[in-house]
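Asks: Next comes data-v4.txt, compact mmCIF, N, CA and C atoms:
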# COMPACT_ATOMS: atom_id res chain seq x y z
N MET A 84 82.71 199.16 117.15
CA MET A 84 81.43 198.59 116.80
C MET A 84 81.06 198.87 115.35
N GLY A 85 81.98 199.40 114.60
CA GLY A 85 81.68 199.73 113.22
C GLY A 85 81.95 198.60 112.25
N THR A 86 81.83 197.35 112.66
CA THR A 86 82.08 196.24 111.76
C THR A 86 80.88 195.99 110.88
N LYS A 87 81.17 195.58 109.65
CA LYS A 87 80.10 195.27 108.71
C LYS A 87 79.73 193.80 108.83
N PRO A 88 78.46 193.48 108.66
CA PRO A 88 78.07 192.06 108.67
C PRO A 88 78.64 191.34 107.47
N THR A 89 79.03 190.09 107.70
CA THR A 89 79.58 189.27 106.62
C THR A 89 78.81 187.96 106.56
N PRO A 90 78.80 187.31 105.41
CA PRO A 90 78.12 186.01 105.32
C PRO A 90 78.75 184.97 106.23
N GLU A 91 80.06 185.07 106.48
CA GLU A 91 80.72 184.12 107.37
C GLU A 91 80.17 184.24 108.80
N ARG A 92 79.99 185.47 109.25
CA ARG A 92 79.42 185.65 110.59
C ARG A 92 78.00 185.13 110.67
N ILE A 93 77.24 185.36 109.62
CA ILE A 93 75.85 184.88 109.63
C ILE A 93 75.82 183.36 109.63
N SER A 94 76.72 182.73 108.87
CA SER A 94 76.74 181.26 108.87
C SER A 94 77.11 180.74 110.26
N LEU A 95 78.01 181.43 110.95
CA LEU A 95 78.35 181.02 112.31
C LEU A 95 77.18 181.22 113.27
N MET A 96 76.46 182.33 113.10
CA MET A 96 75.29 182.55 113.96
C MET A 96 74.21 181.50 113.71
N LEU A 97 74.00 181.15 112.45
CA LEU A 97 73.01 180.11 112.16
C LEU A 97 73.49 178.75 112.67
N GLY A 98 74.80 178.53 112.66
CA GLY A 98 75.35 177.33 113.28
C GLY A 98 75.10 177.31 114.78
N MET A 99 75.21 178.47 115.41
CA MET A 99 74.89 178.56 116.85
C MET A 99 73.41 178.25 117.10
N VAL A 100 72.55 178.73 116.21
CA VAL A 100 71.12 178.42 116.34
C VAL A 100 70.90 176.91 116.25
N LEU A 101 71.55 176.26 115.27
CA LEU A 101 71.43 174.80 115.15
C LEU A 101 71.97 174.10 116.38
N LEU A 102 73.09 174.59 116.89
CA LEU A 102 73.68 174.00 118.09
C LEU A 102 72.74 174.12 119.28
N MET A 103 72.15 175.29 119.46
CA MET A 103 71.23 175.47 120.58
C MET A 103 69.98 174.60 120.40
N MET A 104 69.51 174.47 119.17
CA MET A 104 68.36 173.60 118.92
C MET A 104 68.69 172.14 119.20
N SER A 105 69.95 171.75 118.96
CA SER A 105 70.33 170.36 119.19
C SER A 105 70.44 170.04 120.69
N THR A 106 70.57 171.05 121.53
CA THR A 106 70.64 170.80 122.97
C THR A 106 69.26 170.73 123.62
N ILE A 107 68.23 171.15 122.92
CA ILE A 107 66.88 171.16 123.50
C ILE A 107 66.44 169.76 123.94
N PRO A 108 66.58 168.71 123.11
CA PRO A 108 66.16 167.39 123.59
C PRO A 108 66.92 166.94 124.84
N ARG A 109 68.17 167.31 124.92
CA ARG A 109 68.98 166.95 126.09
C ARG A 109 68.40 167.54 127.37
N PHE A 110 67.97 168.79 127.31
CA PHE A 110 67.40 169.43 128.48
C PHE A 110 66.01 168.90 128.79
N LEU A 111 65.24 168.55 127.76
CA LEU A 111 63.90 168.00 127.99
C LEU A 111 63.97 166.62 128.63
N VAL A 112 64.88 165.77 128.13
CA VAL A 112 65.01 164.42 128.68
C VAL A 112 65.54 164.47 130.11
N GLY A 113 66.48 165.39 130.37
CA GLY A 113 67.08 165.49 131.70
C GLY A 113 66.23 166.23 132.70
N GLY A 114 65.13 166.85 132.26
CA GLY A 114 64.27 167.59 133.17
C GLY A 114 64.86 168.90 133.65
N HIS A 115 65.70 169.52 132.82
CA HIS A 115 66.34 170.78 133.19
C HIS A 115 65.51 171.95 132.65
N ASP A 116 64.43 172.28 133.35
CA ASP A 116 63.50 173.29 132.86
C ASP A 116 64.13 174.69 132.80
N SER A 117 64.92 175.04 133.78
CA SER A 117 65.54 176.37 133.78
C SER A 117 66.52 176.52 132.61
N ARG A 118 67.32 175.51 132.38
CA ARG A 118 68.26 175.55 131.25
C ARG A 118 67.51 175.56 129.93
N PHE A 119 66.41 174.83 129.86
CA PHE A 119 65.60 174.80 128.65
C PHE A 119 65.06 176.20 128.35
N ASN A 120 64.56 176.88 129.36
CA ASN A 120 64.04 178.24 129.16
C ASN A 120 65.15 179.21 128.75
N LEU A 121 66.30 179.09 129.38
CA LEU A 121 67.42 179.97 129.03
C LEU A 121 67.90 179.74 127.60
N ILE A 122 67.95 178.48 127.17
CA ILE A 122 68.42 178.20 125.82
C ILE A 122 67.41 178.70 124.79
N LEU A 123 66.12 178.66 125.12
CA LEU A 123 65.11 179.21 124.22
C LEU A 123 65.26 180.72 124.08
N ILE A 124 65.52 181.40 125.18
CA ILE A 124 65.73 182.85 125.13
C ILE A 124 66.96 183.18 124.29
N ALA A 125 68.05 182.47 124.53
CA ALA A 125 69.28 182.70 123.77
C ALA A 125 69.08 182.39 122.29
N LEU A 126 68.32 181.35 121.99
CA LEU A 126 68.05 180.98 120.61
C LEU A 126 67.31 182.10 119.89
N VAL A 127 66.32 182.68 120.53
CA VAL A 127 65.57 183.78 119.92
C VAL A 127 66.46 184.99 119.70
N VAL A 128 67.32 185.30 120.66
CA VAL A 128 68.21 186.46 120.54
C VAL A 128 69.20 186.25 119.39
N VAL A 129 69.85 185.10 119.33
CA VAL A 129 70.84 184.85 118.28
C VAL A 129 70.17 184.82 116.91
N ALA A 130 69.00 184.21 116.82
CA ALA A 130 68.28 184.20 115.54
C ALA A 130 67.90 185.61 115.12
N GLY A 131 67.49 186.43 116.07
CA GLY A 131 67.15 187.82 115.75
C GLY A 131 68.35 188.61 115.26
N VAL A 132 69.49 188.42 115.89
CA VAL A 132 70.71 189.10 115.46
C VAL A 132 71.13 188.61 114.07
N ALA A 133 70.96 187.32 113.80
CA ALA A 133 71.30 186.78 112.48
C ALA A 133 70.41 187.39 111.41
N VAL A 134 69.13 187.51 111.69
CA VAL A 134 68.21 188.12 110.72
C VAL A 134 68.56 189.59 110.50
N ALA A 135 68.86 190.30 111.58
CA ALA A 135 69.24 191.71 111.44
C ALA A 135 70.52 191.85 110.61
N ASN A 136 71.49 190.98 110.83
CA ASN A 136 72.72 191.03 110.04
C ASN A 136 72.46 190.67 108.59
N TRP A 137 71.57 189.72 108.35
CA TRP A 137 71.25 189.34 106.98
C TRP A 137 70.62 190.52 106.23
N ARG A 138 69.77 191.26 106.92
CA ARG A 138 69.12 192.41 106.28
C ARG A 138 70.12 193.51 105.94
N LEU A 139 71.23 193.58 106.69
CA LEU A 139 72.25 194.60 106.44
C LEU A 139 73.28 194.17 105.40
N LEU A 140 73.23 192.91 104.98
CA LEU A 140 74.21 192.41 104.01
C LEU A 140 73.99 193.06 102.64
N GLU A 141 75.08 193.28 101.96
CA GLU A 141 75.00 193.77 100.59
C GLU A 141 74.58 192.62 99.68
N ALA A 142 74.09 192.94 98.49
CA ALA A 142 73.56 191.93 97.57
C ALA A 142 74.62 190.91 97.16
N GLU A 143 75.85 191.38 96.93
CA GLU A 143 76.92 190.45 96.52
C GLU A 143 77.25 189.47 97.64
N ALA A 144 77.23 189.97 98.87
CA ALA A 144 77.55 189.11 100.02
C ALA A 144 76.44 188.08 100.25
N ARG A 145 75.20 188.47 99.96
CA ARG A 145 74.09 187.51 100.13
C ARG A 145 74.22 186.31 99.20
N LEU A 146 74.85 186.52 98.07
CA LEU A 146 75.02 185.42 97.12
C LEU A 146 76.01 184.37 97.62
N ARG A 147 76.90 184.75 98.53
CA ARG A 147 77.87 183.79 99.09
C ARG A 147 77.28 182.96 100.22
N LEU A 148 76.18 183.42 100.79
CA LEU A 148 75.62 182.75 101.97
C LEU A 148 75.14 181.32 101.70
N PRO A 149 74.43 181.02 100.61
CA PRO A 149 73.99 179.62 100.41
C PRO A 149 75.14 178.63 100.37
N ARG A 150 76.25 179.01 99.76
CA ARG A 150 77.41 178.11 99.71
C ARG A 150 77.97 177.88 101.11
N LEU A 151 78.04 178.94 101.91
CA LEU A 151 78.53 178.80 103.28
C LEU A 151 77.59 177.94 104.12
N LEU A 152 76.29 178.07 103.90
CA LEU A 152 75.33 177.25 104.65
C LEU A 152 75.43 175.78 104.23
N GLY A 153 75.74 175.54 102.96
CA GLY A 153 75.98 174.17 102.52
C GLY A 153 77.20 173.57 103.19
N ARG A 154 78.27 174.38 103.31
CA ARG A 154 79.46 173.91 104.01
C ARG A 154 79.17 173.67 105.49
N LEU A 155 78.35 174.54 106.08
CA LEU A 155 77.95 174.34 107.48
C LEU A 155 77.23 173.01 107.63
N GLY A 156 76.32 172.72 106.72
CA GLY A 156 75.60 171.44 106.78
C GLY A 156 76.53 170.24 106.65
N ILE A 157 77.50 170.35 105.75
CA ILE A 157 78.46 169.26 105.59
C ILE A 157 79.27 169.08 106.87
N TRP A 158 79.72 170.18 107.47
CA TRP A 158 80.50 170.08 108.70
C TRP A 158 79.66 169.53 109.85
N MET A 159 78.37 169.84 109.86
CA MET A 159 77.50 169.28 110.91
C MET A 159 77.40 167.76 110.77
N VAL A 160 77.27 167.28 109.54
CA VAL A 160 77.22 165.84 109.30
C VAL A 160 78.55 165.19 109.67
N VAL A 161 79.66 165.84 109.31
CA VAL A 161 80.99 165.32 109.67
C VAL A 161 81.14 165.30 111.19
N GLY A 162 80.66 166.34 111.87
CA GLY A 162 80.74 166.38 113.32
C GLY A 162 79.94 165.27 113.97
N LEU A 163 78.74 165.02 113.45
CA LEU A 163 77.91 163.94 113.98
C LEU A 163 78.57 162.58 113.75
N ALA A 164 79.14 162.40 112.56
CA ALA A 164 79.83 161.13 112.27
C ALA A 164 81.06 160.99 113.17
N GLY A 165 81.80 162.07 113.35
CA GLY A 165 82.99 162.01 114.19
C GLY A 165 82.66 161.69 115.64
N MET A 166 81.62 162.30 116.16
CA MET A 166 81.22 162.02 117.54
C MET A 166 80.64 160.62 117.67
N SER A 167 79.95 160.15 116.65
CA SER A 167 79.44 158.78 116.69
C SER A 167 80.59 157.79 116.77
N LEU A 168 81.61 158.02 115.95
CA LEU A 168 82.78 157.14 115.97
C LEU A 168 83.50 157.24 117.31
N PHE A 169 83.69 158.45 117.81
CA PHE A 169 84.38 158.64 119.09
C PHE A 169 83.66 157.94 120.22
N HIS A 170 82.33 158.14 120.29
CA HIS A 170 81.57 157.51 121.37
C HIS A 170 81.49 156.00 121.20
N ALA A 171 81.48 155.52 119.96
CA ALA A 171 81.45 154.07 119.74
C ALA A 171 82.75 153.42 120.20
N LEU A 172 83.85 154.13 120.03
CA LEU A 172 85.14 153.55 120.40
C LEU A 172 85.52 153.76 121.87
N SER A 173 84.98 154.80 122.51
CA SER A 173 85.48 155.13 123.84
C SER A 173 84.48 154.98 124.97
N THR A 174 83.19 154.96 124.70
CA THR A 174 82.22 154.90 125.79
C THR A 174 81.09 153.94 125.45
N ASP A 175 80.27 153.67 126.45
CA ASP A 175 79.02 152.97 126.20
C ASP A 175 78.06 153.94 125.53
N PHE A 176 76.93 153.43 125.07
CA PHE A 176 75.94 154.30 124.44
C PHE A 176 75.45 155.33 125.46
N ILE A 177 75.53 156.60 125.09
CA ILE A 177 75.22 157.67 126.03
C ILE A 177 73.86 158.31 125.79
N GLY A 178 73.18 157.92 124.73
CA GLY A 178 71.89 158.49 124.41
C GLY A 178 71.96 159.35 123.17
N TRP A 179 70.92 159.28 122.39
CA TRP A 179 70.90 160.01 121.12
C TRP A 179 70.91 161.52 121.34
N GLU A 180 70.28 161.99 122.42
CA GLU A 180 70.20 163.44 122.62
C GLU A 180 71.57 164.05 122.93
N LEU A 181 72.40 163.33 123.65
CA LEU A 181 73.75 163.82 123.94
C LEU A 181 74.64 163.69 122.70
N LEU A 182 74.45 162.63 121.93
CA LEU A 182 75.22 162.44 120.71
C LEU A 182 74.95 163.56 119.70
N ILE A 183 73.70 163.96 119.56
CA ILE A 183 73.36 165.04 118.63
C ILE A 183 73.97 166.36 119.09
N ALA A 184 73.91 166.64 120.39
CA ALA A 184 74.49 167.88 120.90
C ALA A 184 76.00 167.91 120.71
N HIS A 185 76.66 166.79 120.99
CA HIS A 185 78.12 166.74 120.81
C HIS A 185 78.49 166.82 119.33
N GLY A 186 77.73 166.17 118.48
CA GLY A 186 78.00 166.22 117.04
C GLY A 186 77.82 167.62 116.47
N ALA A 187 76.79 168.32 116.90
CA ALA A 187 76.58 169.69 116.43
C ALA A 187 77.69 170.61 116.93
N THR A 188 78.14 170.39 118.14
CA THR A 188 79.24 171.19 118.68
C THR A 188 80.51 170.99 117.86
N LEU A 189 80.86 169.74 117.58
CA LEU A 189 82.03 169.46 116.77
C LEU A 189 81.87 170.02 115.37
N GLY A 190 80.69 169.88 114.78
CA GLY A 190 80.45 170.40 113.44
C GLY A 190 80.61 171.91 113.36
N LEU A 191 80.08 172.63 114.34
CA LEU A 191 80.23 174.09 114.35
C LEU A 191 81.69 174.49 114.55
N LEU A 192 82.37 173.77 115.41
CA LEU A 192 83.79 174.06 115.64
C LEU A 192 84.59 173.85 114.35
N LEU A 193 84.33 172.77 113.65
CA LEU A 193 85.04 172.50 112.39
C LEU A 193 84.71 173.55 111.33
N HIS A 194 83.46 173.99 111.29
CA HIS A 194 83.06 175.04 110.35
C HIS A 194 83.80 176.34 110.66
N ALA A 195 83.85 176.70 111.93
CA ALA A 195 84.54 177.93 112.32
C ALA A 195 86.04 177.84 111.99
N LEU A 196 86.65 176.68 112.25
CA LEU A 196 88.06 176.51 111.92
C LEU A 196 88.31 176.58 110.42
N SER A 197 87.39 176.03 109.63
CA SER A 197 87.56 176.08 108.18
C SER A 197 87.43 177.52 107.67
N LEU A 198 86.56 178.31 108.28
CA LEU A 198 86.45 179.72 107.90
C LEU A 198 87.71 180.48 108.29
N TRP A 199 88.25 180.15 109.44
CA TRP A 199 89.45 180.83 109.92
C TRP A 199 90.66 180.51 109.03
N LEU A 200 90.76 179.25 108.61
CA LEU A 200 91.87 178.86 107.75
C LEU A 200 91.78 179.48 106.36
N ARG A 201 90.58 179.75 105.89
CA ARG A 201 90.40 180.34 104.56
C ARG A 201 90.36 181.87 104.59
N ALA A 202 90.45 182.45 105.77
CA ALA A 202 90.35 183.90 105.89
C ALA A 202 91.52 184.57 105.16
N PRO A 203 91.23 185.67 104.46
CA PRO A 203 92.32 186.38 103.79
C PRO A 203 93.27 187.00 104.81
N SER A 204 94.54 186.97 104.52
CA SER A 204 95.51 187.49 105.48
C SER A 204 95.79 188.97 105.29
Step by step, read the file and then write its structure as C-alpha cells.
Replies:
Amino acid sequence: MGTKPTPERISLMLGMVLLMMSTIPRFLVGGHDSRFNLILIALVVVAGVAVANWRLLEAEARLRLPRLLGRLGIWMVVGLAGMSLFHALSTDFIGWELLIAHGATLGLLLHALSLWLRAPS
C-alpha cells in the first residue's frame, strides 16, 4: 500500500468519474433507481479518492496533470465518435443515453491503453 499517487492514476480516476456521470442518464431513462443510487455513491467515493490523491501529488507531478486531462478529453471524443460509427454501421439507433455511456467507456479504455503503452519499462 506504499504506492505514491501519480498524475496518470488521477487522470484515470477522473475518467472513471466521467464514465459514471455518463451512465446517469441511462439509469434515469430506464427507471433503474437502485442502480442510479449506487452509481451516485460510487461517483462520490471515486471523486473523493481523486481529490485526496491530487492533494498528495508533488508540485512537479501536478504540472503534468493538465496535459493528461487534455489527452483524456481527446480520447473521450474519439471514443464517442468510434461508438457512433460502430452503432451506425451495426445496429438501429439505440438512444443517445446508451451511445454516450458506450462512447465514454471506449474513450476511457483508449486513454488507459495509451498510458500503458507510454509507461516506462
Asks: Applying 12 Å and only C-alpha atoms, which residues near Leu155 in chain A remain after dropping the ones on its own chain fewer than 3 positions away? List them as number ranges by chain.
Replies: A: 90-102, 148-152, 158-162, 187-198
Asks: With distances taken over only N, CA and C atoms, which residue among A:Phe110, A:Met103, A:Ile183, A:Pro88 lies nearest Ala125 in chain A?
Replies: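 Result for the nearest residue to Ala125 in chain A: A:Met103.
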Asks: Separation of CA of Thr89 in chain A and CA of Val134 in chain A, in Å?
Replies: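 For CA of Thr89 in chain A relative to CA of Val134 in chain A, the distance reads 12.1 Å.
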Asks: So the first atom is atom C of Gly186 in chain A and the second is atom N of Gly153 in chain A; what is the distance between them in Å, to one decimal place?
Replies: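 Taking atom C of Gly186 in chain A and atom N of Gly153 in chain A, their separation equals 15.8 Å.
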Asks: Report, as lines of an AutoDock Vina configuration file, the centre and edge lengths in Å (one decimal) of the axis-aligned box enclosing every listed atom of range 135-138 of chain A, padded by 4 Å on each side.
Replies:
center_x = 70.8
center_y = 191.4
center_z = 108.8
size_x = 11.9
size_y = 12.2
size_z = 13.6
Asks: Using atom C of Gly178 in chain A and atom C of Gly156 in chain A as the two end points, give the distance in Å to one decimal.
Replies: 20.3 Å
